[in-house]
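Visitor: Here it is, the structure, as structure tokens.
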Amino acid sequence: MGADLAAIFGSVEDTSLPGVALSSELRRVLDIPLRDPIPLAERLVDPLTRRLRTPSGTMTLRPLQALALVEAHDFGGLLGLLPVGEGKTLLSFLLPLVLGKPRPLLIVPAALEEKTEIEFAELREHWQYVPMPITSYELISRRPELLDELAPDMIVCDEVHALKSPKSACTKRVYRYLRKRAKARKATTFCGLSGTIAARSFRDWWHLQQWALKPELQPLPYDFPTCLSWCEALDEKLGTRRPLGDLSRFCVDFTPNDVLLEPEPKHVRTAFGKRLRMIPSIVSSQGGEVKASIRVNVKLGSVPVIDQAVSKMRKTWATPGGEEFTEAADLWRHARELANGFYYRWQPMPPLEWLDARSEFMKLVRQVLHGSRTFDTMAQVRDAYASDPRVRHWQAIEPTFEPNPVPVWLTDDVLEYAQAWGQQRGGLVWVEHCAVGERLEDDFGLPYFRAQGRTRDGASIMHHTGPAAVSQAAVSRGFNLQRYDQNLVLNATPIGTRYEQLFGRTHRQGQDADVVTFDILVTVAEQLAGFEQARLDAAYEQQTTGQKQKLCLADVTQTGALRA
């Protein structure tokens, strides 16, 4: 903010709030002993490789893999802040062996289960190992008893940011299992791996650091109220901001002297990130080592049919099919559908009595889950409140109608552009909605790779060449697609971590092109605002953890225009 505007409107800081005080927890964090990870990591590579490799093995550990294994052993846990292409799969594979855990469990996103099993089979030819079952976050969410049945003495979570929400069923179940084991004096070791652990807030990983690290090594306050005061000063996307106060002490020794006089939140976050990388049992790679540069072209396009439909929806809060909604999140969701030229409509429409019963039941579920420490899912609420009239009414009427969402297309302009782009550029078309991928496959000749990175006929993206449509949800994590250097993204997400994952499929080690290109198609204003928020997210992640974010490294240009 310019000095003249600050004089007129005042600071964006909320001066009614006190600055963050020099609490005992802030003192503890500032006093954590630090180490220089790189020289130590390099010294560990050869001896540890020789010790862990099979007689016929030919693979070699990377320095940060070796450091992570040793520190996980020495400190009884690990936070591995490692971006795509930094070897998290091999690290997951070897952790149980190094820590001597006979009952380990690896948790991955469901879309990566098959791929991880295949990679583990290959790793067994090179490395000694402890057999380790693999399950998914999604399955734990559906099966409350699964962790107790497997009874792991060590849990390794790849893409551990999947557990960032304390309200999710999977997060609650992992927490309860760890707490129950600790109370029984059978503590389960926890190792979390992620390249994008801090989306917008310290709250995203406050609980993860407590699970993985010894109390004296945790870089965030041990008590949540103190952590919340840090969040109010440093988080991304705050309306008003608490003054930094004594958080500016992070800048000492890590920030140029001219900044120390008047540090801003970004300076404190950057200094915190530098310190974070030097804390034992936190192993972090800055990333950014891929030789290819990144070019992002934000292509704005005004499609009259889409413009008219979105403009009307903003005024009426109803889809073109007449479905009314009340939440801003629903407006955003429907705008993302219309941005590709379609909307969903139930065919046939449900009876009003069915809709009313469903609405009352869902209201009860939201009320119960909001403050519950016992229930995680709708099914649990339904069973526990079986005698409630709203539950009984819904259970009686639910089977009388089967929802059948059908895509209704207003225009094929976006699909035709994607087809022409694929034919000319020979790259990957990243789609958010199954309806878009299926139309591109059935009517426009682009094979569509969905769950597990496979087409409906079972062909794998790992063996495909030439243009293709790929699911953002299924393929943007874990797949090595560096043989491609051209990408078209049909939906601009507002979440920075998702770009890091998606960009990392093709912009990764082994990429031979000089430039990897991402064209992002934007047809509605909500998407453009979302992309700008994603850039802020990426800057926050890079400052807070010190990990270079691909969206920050990219050369971003914008062409075209949207309808005013």
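The way I read the labels, and the way they are meant: chains A, B, ... in the order of the structure tokens, residue 1 as the first residue of every chain, and ligand 1 as the first ligand shown, with later ones counted on from there.
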Leaving out stretch 97-104 of chain A and any residue of its chain fewer than 3 positions from it, which residues lie within 8 Å of it when counting only C-alpha atoms, given as a PyMOL selection string?
Guide: chain A and resi 69-70+72-73+76+94+128-133+151-156
Visitor: Please save C-alpha atoms of the selected residues as a PDB file, in the first residue's frame.
Guide:
ATOM      1  CA  LEU A  69      16.232 -41.989   6.656  1.00  0.00           C
ATOM      2  CA  VAL A  70      18.894 -41.294   9.289  1.00  0.00           C
ATOM      3  CA  ALA A  72      13.710 -40.445  10.997  1.00  0.00           C
ATOM      4  CA  HIS A  73      15.627 -43.197  12.806  1.00  0.00           C
ATOM      5  CA  GLY A  76      11.531 -41.201  15.783  1.00  0.00           C
ATOM      6  CA  LEU A  94      12.924 -47.841   2.981  1.00  0.00           C
ATOM      7  CA  GLN A 128      16.256 -54.725   1.194  1.00  0.00           C
ATOM      8  CA  TYR A 129      12.785 -54.138   2.586  1.00  0.00           C
ATOM      9  CA  VAL A 130      10.126 -54.818   5.178  1.00  0.00           C
ATOM     10  CA  PRO A 131       6.789 -55.885   3.607  1.00  0.00           C
ATOM     11  CA  MET A 132       4.388 -52.962   3.836  1.00  0.00           C
ATOM     12  CA  PRO A 133       0.678 -52.936   2.951  1.00  0.00           C
ATOM     13  CA  ALA A 151      -2.614 -52.180  13.745  1.00  0.00           C
ATOM     14  CA  PRO A 152       0.466 -50.488  12.243  1.00  0.00           C
ATOM     15  CA  ASP A 153       3.399 -49.572  14.462  1.00  0.00           C
ATOM     16  CA  MET A 154       4.475 -47.059  11.820  1.00  0.00           C
ATOM     17  CA  ILE A 155       2.392 -44.935   9.439  1.00  0.00           C
ATOM     18  CA  VAL A 156       3.989 -43.362   6.371  1.00  0.00           C
TER      19      VAL A 156
END
Visitor: I'd like the contact shell of A:Trp230 - 10 Å cut-off, only C-alpha atoms, skipping same-chain residues fewer than 5 positions apart - returned as a VMD selection string.
Guide: chain A and resid 19 to 21 26 201 to 203 220 to 221 224 to 225 235 242 to 245 247
Visitor: Now that the selection is made, can you save its residues with N, CA and C atoms as a JSON list (two decimals), in the first residue's frame?
Guide:
[["chain", "number", "residue", "atom", "x", "y", "z"],
["A", 19, "GLY", "N", 0.09, -7.07, 19.07],
["A", 19, "GLY", "CA", 1.06, -7.82, 18.30],
["A", 19, "GLY", "C", 1.36, -9.15, 18.98],
["A", 20, "VAL", "N", 1.93, -10.08, 18.20],
["A", 20, "VAL", "CA", 2.26, -11.39, 18.74],
["A", 20, "VAL", "C", 3.36, -11.23, 19.79],
["A", 21, "ALA", "N", 3.10, -11.76, 20.99],
["A", 21, "ALA", "CA", 4.01, -11.57, 22.11],
["A", 21, "ALA", "C", 5.13, -12.59, 22.11],
["A", 26, "LEU", "N", 7.24, -19.20, 21.54],
["A", 26, "LEU", "CA", 8.07, -18.50, 20.55],
["A", 26, "LEU", "C", 9.53, -18.60, 20.96],
["A", 201, "SER", "N", -2.15, -21.69, 5.36],
["A", 201, "SER", "CA", -2.16, -21.42, 6.79],
["A", 201, "SER", "C", -1.28, -22.40, 7.54],
["A", 202, "PHE", "N", -0.72, -21.95, 8.67],
["A", 202, "PHE", "CA", -0.04, -22.85, 9.60],
["A", 202, "PHE", "C", -0.99, -23.93, 10.11],
["A", 203, "ARG", "N", -2.29, -23.61, 10.12],
["A", 203, "ARG", "CA", -3.26, -24.58, 10.60],
["A", 203, "ARG", "C", -3.31, -25.83, 9.73],
["A", 220, "LEU", "N", 6.18, -25.06, 15.06],
["A", 220, "LEU", "CA", 5.00, -24.26, 15.38],
["A", 220, "LEU", "C", 4.67, -24.43, 16.86],
["A", 221, "PRO", "N", 3.98, -23.46, 17.44],
["A", 221, "PRO", "CA", 3.65, -23.55, 18.87],
["A", 221, "PRO", "C", 2.92, -24.85, 19.19],
["A", 224, "PHE", "N", -2.54, -24.65, 20.56],
["A", 224, "PHE", "CA", -3.22, -24.11, 19.39],
["A", 224, "PHE", "C", -3.53, -22.61, 19.50],
["A", 225, "PRO", "N", -3.97, -22.09, 20.66],
["A", 225, "PRO", "CA", -4.24, -20.65, 20.72],
["A", 225, "PRO", "C", -3.04, -19.79, 20.33],
["A", 235, "ASP", "N", -0.73, -15.70, 7.98],
["A", 235, "ASP", "CA", -1.41, -16.52, 6.98],
["A", 235, "ASP", "C", -1.71, -15.74, 5.71],
["A", 242, "ARG", "N", -3.18, -9.34, 12.29],
["A", 242, "ARG", "CA", -2.60, -9.00, 13.59],
["A", 242, "ARG", "C", -1.19, -8.45, 13.37],
["A", 243, "PRO", "N", -0.79, -7.42, 14.09],
["A", 243, "PRO", "CA", 0.60, -6.94, 13.97],
["A", 243, "PRO", "C", 1.59, -8.06, 14.29],
["A", 244, "LEU", "N", 2.74, -8.01, 13.64],
["A", 244, "LEU", "CA", 3.75, -9.06, 13.79],
["A", 244, "LEU", "C", 4.29, -9.16, 15.20],
["A", 245, "GLY", "N", 4.48, -8.04, 15.85],
["A", 245, "GLY", "CA", 5.03, -8.07, 17.19],
["A", 245, "GLY", "C", 6.37, -8.77, 17.22],
["A", 247, "LEU", "N", 7.12, -11.74, 16.41],
["A", 247, "LEU", "CA", 7.42, -12.67, 15.32],
["A", 247, "LEU", "C", 8.53, -12.13, 14.42]]
Visitor: Mind the document's chain letters and residue numbers, and return as a PyMOL selection string the residues of stretch 144-260 of chain A that DSSP labels strand (DSSP E or B).
Guide: chain A and resi 154-158+189-194+241
Visitor: Would you export the selected residues with N, CA and C atoms as a PDB file, in the first residue's frame, please?
Guide:
ATOM      1  N   MET A 154       3.896 -48.201  12.541  1.00  0.00           N
ATOM      2  CA  MET A 154       4.475 -47.059  11.820  1.00  0.00           C
ATOM      3  C   MET A 154       3.539 -46.698  10.678  1.00  0.00           C
ATOM      4  N   ILE A 155       3.232 -45.421  10.539  1.00  0.00           N
ATOM      5  CA  ILE A 155       2.392 -44.935   9.439  1.00  0.00           C
ATOM      6  C   ILE A 155       3.217 -43.963   8.609  1.00  0.00           C
ATOM      7  N   VAL A 156       3.328 -44.259   7.314  1.00  0.00           N
ATOM      8  CA  VAL A 156       3.989 -43.362   6.371  1.00  0.00           C
ATOM      9  C   VAL A 156       2.902 -42.803   5.460  1.00  0.00           C
ATOM     10  N   CYS A 157       2.794 -41.499   5.383  1.00  0.00           N
ATOM     11  CA  CYS A 157       1.776 -40.848   4.554  1.00  0.00           C
ATOM     12  C   CYS A 157       2.450 -40.093   3.411  1.00  0.00           C
ATOM     13  N   ASP A 158       2.259 -40.594   2.196  1.00  0.00           N
ATOM     14  CA  ASP A 158       2.692 -39.845   1.018  1.00  0.00           C
ATOM     15  C   ASP A 158       1.555 -38.896   0.635  1.00  0.00           C
ATOM     16  N   THR A 189       4.946 -44.668  15.189  1.00  0.00           N
ATOM     17  CA  THR A 189       5.783 -43.665  14.517  1.00  0.00           C
ATOM     18  C   THR A 189       5.042 -43.112  13.308  1.00  0.00           C
ATOM     19  N   PHE A 190       5.119 -41.797  13.116  1.00  0.00           N
ATOM     20  CA  PHE A 190       4.431 -41.146  12.000  1.00  0.00           C
ATOM     21  C   PHE A 190       5.449 -40.397  11.146  1.00  0.00           C
ATOM     22  N   CYS A 191       5.412 -40.658   9.838  1.00  0.00           N
ATOM     23  CA  CYS A 191       6.267 -39.955   8.876  1.00  0.00           C
ATOM     24  C   CYS A 191       5.385 -39.379   7.778  1.00  0.00           C
ATOM     25  N   GLY A 192       5.399 -38.079   7.605  1.00  0.00           N
ATOM     26  CA  GLY A 192       4.580 -37.419   6.594  1.00  0.00           C
ATOM     27  C   GLY A 192       5.441 -36.820   5.499  1.00  0.00           C
ATOM     28  N   LEU A 193       5.054 -37.089   4.240  1.00  0.00           N
ATOM     29  CA  LEU A 193       5.804 -36.614   3.078  1.00  0.00           C
ATOM     30  C   LEU A 193       4.894 -35.785   2.185  1.00  0.00           C
ATOM     31  N   SER A 194       5.371 -34.632   1.773  1.00  0.00           N
ATOM     32  CA  SER A 194       4.576 -33.776   0.898  1.00  0.00           C
ATOM     33  C   SER A 194       5.448 -32.694   0.296  1.00  0.00           C
ATOM     34  N   ARG A 241      -5.187  -8.148   9.647  1.00  0.00           N
ATOM     35  CA  ARG A 241      -4.002  -8.894  10.053  1.00  0.00           C
ATOM     36  C   ARG A 241      -3.504  -8.397  11.418  1.00  0.00           C
TER      37      ARG A 241
END
Visitor: Please identify the helix (DSSP H, G or I) residues within stretch 94-318 of chain A (assignment by DSSP from backbone atoms) and present them as a PDB file with C-alpha atoms, in the first residue's frame.
Guide:
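Everything below was put into out08.pdb:
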ATOM      1  CA  LEU A  94      12.924 -47.841   2.981  1.00  0.00           C
ATOM      2  CA  LEU A  95      11.651 -46.103   6.117  1.00  0.00           C
ATOM      3  CA  PRO A  96      10.283 -49.264   7.829  1.00  0.00           C
ATOM      4  CA  LEU A  97      13.557 -51.106   7.260  1.00  0.00           C
ATOM      5  CA  VAL A  98      15.707 -48.323   8.681  1.00  0.00           C
ATOM      6  CA  LEU A  99      13.449 -47.764  11.694  1.00  0.00           C
ATOM      7  CA  ALA A 110      -6.407 -43.908  -4.104  1.00  0.00           C
ATOM      8  CA  ALA A 111      -5.357 -42.794  -7.582  1.00  0.00           C
ATOM      9  CA  LEU A 112      -1.750 -43.745  -6.766  1.00  0.00           C
ATOM     10  CA  GLU A 113      -2.260 -47.191  -5.201  1.00  0.00           C
ATOM     11  CA  GLU A 114      -1.715 -49.228  -8.353  1.00  0.00           C
ATOM     12  CA  LYS A 115       1.223 -47.101  -9.486  1.00  0.00           C
ATOM     13  CA  THR A 116       2.878 -47.366  -6.059  1.00  0.00           C
ATOM     14  CA  GLU A 117       2.489 -51.163  -6.007  1.00  0.00           C
ATOM     15  CA  ILE A 118       4.210 -51.379  -9.407  1.00  0.00           C
ATOM     16  CA  GLU A 119       7.053 -49.106  -8.294  1.00  0.00           C
ATOM     17  CA  PHE A 120       7.534 -51.058  -5.052  1.00  0.00           C
ATOM     18  CA  ALA A 121       7.876 -54.277  -7.057  1.00  0.00           C
ATOM     19  CA  GLU A 122      10.684 -52.656  -9.052  1.00  0.00           C
ATOM     20  CA  LEU A 123      12.398 -51.325  -5.913  1.00  0.00           C
ATOM     21  CA  TYR A 137      -6.941 -42.045   2.449  1.00  0.00           C
ATOM     22  CA  GLU A 138     -10.276 -42.679   0.768  1.00  0.00           C
ATOM     23  CA  LEU A 139     -10.561 -46.251   2.089  1.00  0.00           C
ATOM     24  CA  ILE A 140      -9.757 -45.155   5.653  1.00  0.00           C
ATOM     25  CA  SER A 141     -12.538 -42.583   5.327  1.00  0.00           C
ATOM     26  CA  ARG A 142     -15.010 -45.303   4.340  1.00  0.00           C
ATOM     27  CA  LEU A 146      -9.373 -50.346   9.075  1.00  0.00           C
ATOM     28  CA  LEU A 147      -6.524 -48.880  11.134  1.00  0.00           C
ATOM     29  CA  ASP A 148      -7.397 -51.030  14.141  1.00  0.00           C
ATOM     30  CA  GLU A 149      -7.475 -54.124  11.918  1.00  0.00           C
ATOM     31  CA  LEU A 150      -4.047 -53.395  10.408  1.00  0.00           C
ATOM     32  CA  VAL A 160       0.295 -36.056   3.672  1.00  0.00           C
ATOM     33  CA  HIS A 161      -1.409 -32.741   2.906  1.00  0.00           C
ATOM     34  CA  ALA A 162      -4.460 -34.946   2.292  1.00  0.00           C
ATOM     35  CA  LEU A 163      -4.765 -34.907   6.104  1.00  0.00           C
ATOM     36  CA  ALA A 169     -13.043 -38.351   8.426  1.00  0.00           C
ATOM     37  CA  CYS A 170      -9.606 -39.704   7.524  1.00  0.00           C
ATOM     38  CA  THR A 171      -7.740 -37.095   9.602  1.00  0.00           C
ATOM     39  CA  LYS A 172      -9.937 -37.788  12.623  1.00  0.00           C
ATOM     40  CA  ARG A 173      -9.375 -41.532  12.344  1.00  0.00           C
ATOM     41  CA  VAL A 174      -5.611 -41.273  12.032  1.00  0.00           C
ATOM     42  CA  TYR A 175      -5.550 -38.912  15.019  1.00  0.00           C
ATOM     43  CA  ARG A 176      -7.678 -41.230  17.162  1.00  0.00           C
ATOM     44  CA  TYR A 177      -5.542 -44.224  16.278  1.00  0.00           C
ATOM     45  CA  LEU A 178      -2.289 -42.421  17.139  1.00  0.00           C
ATOM     46  CA  ARG A 179      -3.760 -41.123  20.395  1.00  0.00           C
ATOM     47  CA  LYS A 180      -5.092 -44.557  21.412  1.00  0.00           C
ATOM     48  CA  ARG A 181      -1.725 -46.192  20.728  1.00  0.00           C
ATOM     49  CA  ALA A 182       0.108 -43.506  22.696  1.00  0.00           C
ATOM     50  CA  LYS A 183      -2.184 -43.946  25.692  1.00  0.00           C
ATOM     51  CA  PHE A 202      -0.039 -22.853   9.598  1.00  0.00           C
ATOM     52  CA  ARG A 203      -3.262 -24.582  10.604  1.00  0.00           C
ATOM     53  CA  ASP A 204      -2.885 -26.867   7.560  1.00  0.00           C
ATOM     54  CA  TRP A 206      -0.029 -27.766  12.921  1.00  0.00           C
ATOM     55  CA  HIS A 207      -1.374 -31.215  13.858  1.00  0.00           C
ATOM     56  CA  LEU A 208       0.925 -33.010  11.390  1.00  0.00           C
ATOM     57  CA  GLN A 209       4.059 -31.600  13.050  1.00  0.00           C
ATOM     58  CA  GLN A 210       2.739 -32.827  16.405  1.00  0.00           C
ATOM     59  CA  TRP A 211       2.264 -36.357  15.057  1.00  0.00           C
ATOM     60  CA  ALA A 212       5.667 -36.540  13.363  1.00  0.00           C
ATOM     61  CA  PRO A 215       7.864 -31.639  21.033  1.00  0.00           C
ATOM     62  CA  GLU A 216      11.194 -29.830  21.345  1.00  0.00           C
ATOM     63  CA  LEU A 217      11.674 -29.873  17.545  1.00  0.00           C
ATOM     64  CA  PHE A 224      -3.218 -24.107  19.388  1.00  0.00           C
ATOM     65  CA  PRO A 225      -4.241 -20.649  20.718  1.00  0.00           C
ATOM     66  CA  THR A 226      -0.646 -19.435  20.365  1.00  0.00           C
ATOM     67  CA  CYS A 227      -0.445 -20.953  16.885  1.00  0.00           C
ATOM     68  CA  LEU A 228      -3.683 -19.172  16.001  1.00  0.00           C
ATOM     69  CA  SER A 229      -2.117 -15.816  16.910  1.00  0.00           C
ATOM     70  CA  TRP A 230       0.732 -16.611  14.517  1.00  0.00           C
ATOM     71  CA  CYS A 231      -1.817 -17.451  11.825  1.00  0.00           C
ATOM     72  CA  GLU A 232      -3.564 -14.113  12.347  1.00  0.00           C
ATOM     73  CA  ALA A 233      -0.281 -12.358  11.614  1.00  0.00           C
ATOM     74  CA  LEU A 234       1.229 -14.488   8.846  1.00  0.00           C
ATOM     75  CA  GLY A 245       5.030  -8.066  17.190  1.00  0.00           C
ATOM     76  CA  ASP A 246       7.797 -10.385  18.340  1.00  0.00           C
ATOM     77  CA  LEU A 247       7.416 -12.669  15.319  1.00  0.00           C
ATOM     78  CA  SER A 248       9.836 -10.238  13.666  1.00  0.00           C
ATOM     79  CA  ARG A 249      12.534 -11.962  15.736  1.00  0.00           C
ATOM     80  CA  PHE A 250      12.550 -14.702  13.100  1.00  0.00           C
ATOM     81  CA  CYS A 251      14.218 -12.198  10.781  1.00  0.00           C
ATOM     82  CA  ASN A 257      19.500  -5.464   7.720  1.00  0.00           C
ATOM     83  CA  ASP A 258      17.426  -2.918   5.797  1.00  0.00           C
ATOM     84  CA  VAL A 259      14.368  -5.178   6.159  1.00  0.00           C
ATOM     85  CA  LEU A 260      14.843  -5.649   9.917  1.00  0.00           C
ATOM     86  CA  PRO A 265       4.705 -10.723   6.826  1.00  0.00           C
ATOM     87  CA  LYS A 266       6.444 -12.000   3.679  1.00  0.00           C
ATOM     88  CA  HIS A 267       9.851 -11.280   5.226  1.00  0.00           C
ATOM     89  CA  VAL A 268       8.958 -13.151   8.419  1.00  0.00           C
ATOM     90  CA  ARG A 269       7.561 -16.080   6.432  1.00  0.00           C
ATOM     91  CA  THR A 270      10.743 -16.262   4.361  1.00  0.00           C
ATOM     92  CA  ALA A 271      12.950 -16.196   7.467  1.00  0.00           C
ATOM     93  CA  PHE A 272      10.739 -18.859   9.081  1.00  0.00           C
ATOM     94  CA  GLY A 273      11.132 -21.030   5.964  1.00  0.00           C
ATOM     95  CA  LYS A 274      14.920 -20.758   6.073  1.00  0.00           C
ATOM     96  CA  ARG A 275      14.930 -21.800   9.716  1.00  0.00           C
ATOM     97  CA  LEU A 276      12.467 -24.627   9.038  1.00  0.00           C
ATOM     98  CA  PRO A 304     -21.230 -15.430 -25.789  1.00  0.00           C
ATOM     99  CA  VAL A 305     -23.347 -18.415 -24.723  1.00  0.00           C
ATOM    100  CA  ILE A 306     -21.200 -18.961 -21.626  1.00  0.00           C
ATOM    101  CA  ASP A 307     -21.140 -15.229 -20.827  1.00  0.00           C
ATOM    102  CA  GLN A 308     -24.936 -15.016 -20.934  1.00  0.00           C
ATOM    103  CA  ALA A 309     -25.480 -18.151 -18.843  1.00  0.00           C
ATOM    104  CA  VAL A 310     -22.997 -17.138 -16.131  1.00  0.00           C
ATOM    105  CA  SER A 311     -24.298 -13.550 -16.013  1.00  0.00           C
ATOM    106  CA  LYS A 312     -27.862 -14.752 -15.514  1.00  0.00           C
ATOM    107  CA  MET A 313     -26.792 -17.304 -12.896  1.00  0.00           C
ATOM    108  CA  ARG A 314     -25.021 -14.613 -10.851  1.00  0.00           C
ATOM    109  CA  LYS A 315     -28.278 -12.623 -10.727  1.00  0.00           C
ATOM    110  CA  THR A 316     -30.747 -15.462 -10.116  1.00  0.00           C
TER     111      THR A 316
END
Visitor: If you measure from atom CA of A:Tyr385 to atom CA of A:Val368, what distance in Å do you get, rounded to one decimal?
Guide: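 Atom-to-atom, atom CA of A:Tyr385 and atom CA of A:Val368 are spaced 9.8 Å apart.
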Visitor: When you draw a straight line from atom CA of A:Lys299 to atom CA of A:Arg345, how long is it in Å?
Guide: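 Going from atom CA of A:Lys299 over to atom CA of A:Arg345, I get 28.6 Å.
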Visitor: Got a sec: who's within 9 Å of A:Ser476, counting only C-alpha atoms, leaving out chain neighbours fewer than 4 positions off, as a list of chain:residue names?
Guide: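 Within the cut-off, the hits are A:Trp430, A:Val470, A:Ser471, A:Gln472, A:Arg498, A:Tyr499, A:Gln501, A:Leu502, A:Phe503, A:Gly504, A:Arg505.
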Visitor: List the spatial neighbours of stretch 554-558 of chain A as a PyMOL selection string - criterion: any atom at most 6 Å away, only C-alpha atoms, same-chain residues fewer than 6 positions off excluded.
Guide: chain A and resi 294-298
Visitor: Could you give me, as a short mmCIF file (atom, residue, chain, number, x, y, z; two decimals) with C-alpha atoms, in the first residue's frame, the residues within 7 Å of A:Leu440, counting only C-alpha atoms and dropping anything in the same chain fewer than 5 positions from it?
Guide:
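Now in out31.cif:
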data_model
loop_
_atom_site.label_atom_id
_atom_site.label_comp_id
_atom_site.auth_asym_id
_atom_site.auth_seq_id
_atom_site.Cartn_x
_atom_site.Cartn_y
_atom_site.Cartn_z
CA LEU A 415 -14.17 -28.78 -26.67
CA GLY A 445 -11.09 -38.31 -30.78
CA LEU A 446 -8.88 -37.59 -27.74
#
Visitor: Give me, please, the distance in Å between atom CA of A:Asp253 and atom CA of A:Gln543, quoted to one decimal.
Guide: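 Computing it gives 16.0 Å between the two atoms.
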Visitor: Between A:Met362, A:Ala469, A:Ala335, A:Val29, which is the closest to A:Val381 once you count only C-alpha atoms?
Guide: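 Using only C-alpha atoms, the shortest distance to A:Val381 belongs to A:Met362.
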Visitor: Closest to A:Pro219 among A:Asp443, A:Glu416, A:Glu500, A:Asp31, using only C-alpha atoms?
Guide: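 Selected residue with least distance to A:Pro219: A:Asp31.
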Visitor: Smallest atom-to-atom distance to A:Thr196: which of A:Arg477, A:Arg483, A:Arg425, A:Arg50, using only C-alpha atoms?
Guide: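 Of the candidates, the smallest distance to A:Thr196 is held by A:Arg477.
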Visitor: Which is closer to A:Ala384 than all the others in A:Ser284, A:Ile397, A:Leu369, A:Arg28, using only C-alpha atoms?
Guide: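 Ranking A:Ser284, A:Ile397, A:Leu369, A:Arg28 by distance to A:Ala384, first place goes to A:Leu369.
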Visitor: Just checking: using only C-alpha atoms, which residue out of A:Cys434, A:Val283, A:Val391, A:Ala386 ends up closest to A:Lys363?
Guide: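 Ranked by minimum distance to A:Lys363, first place goes to A:Val391.
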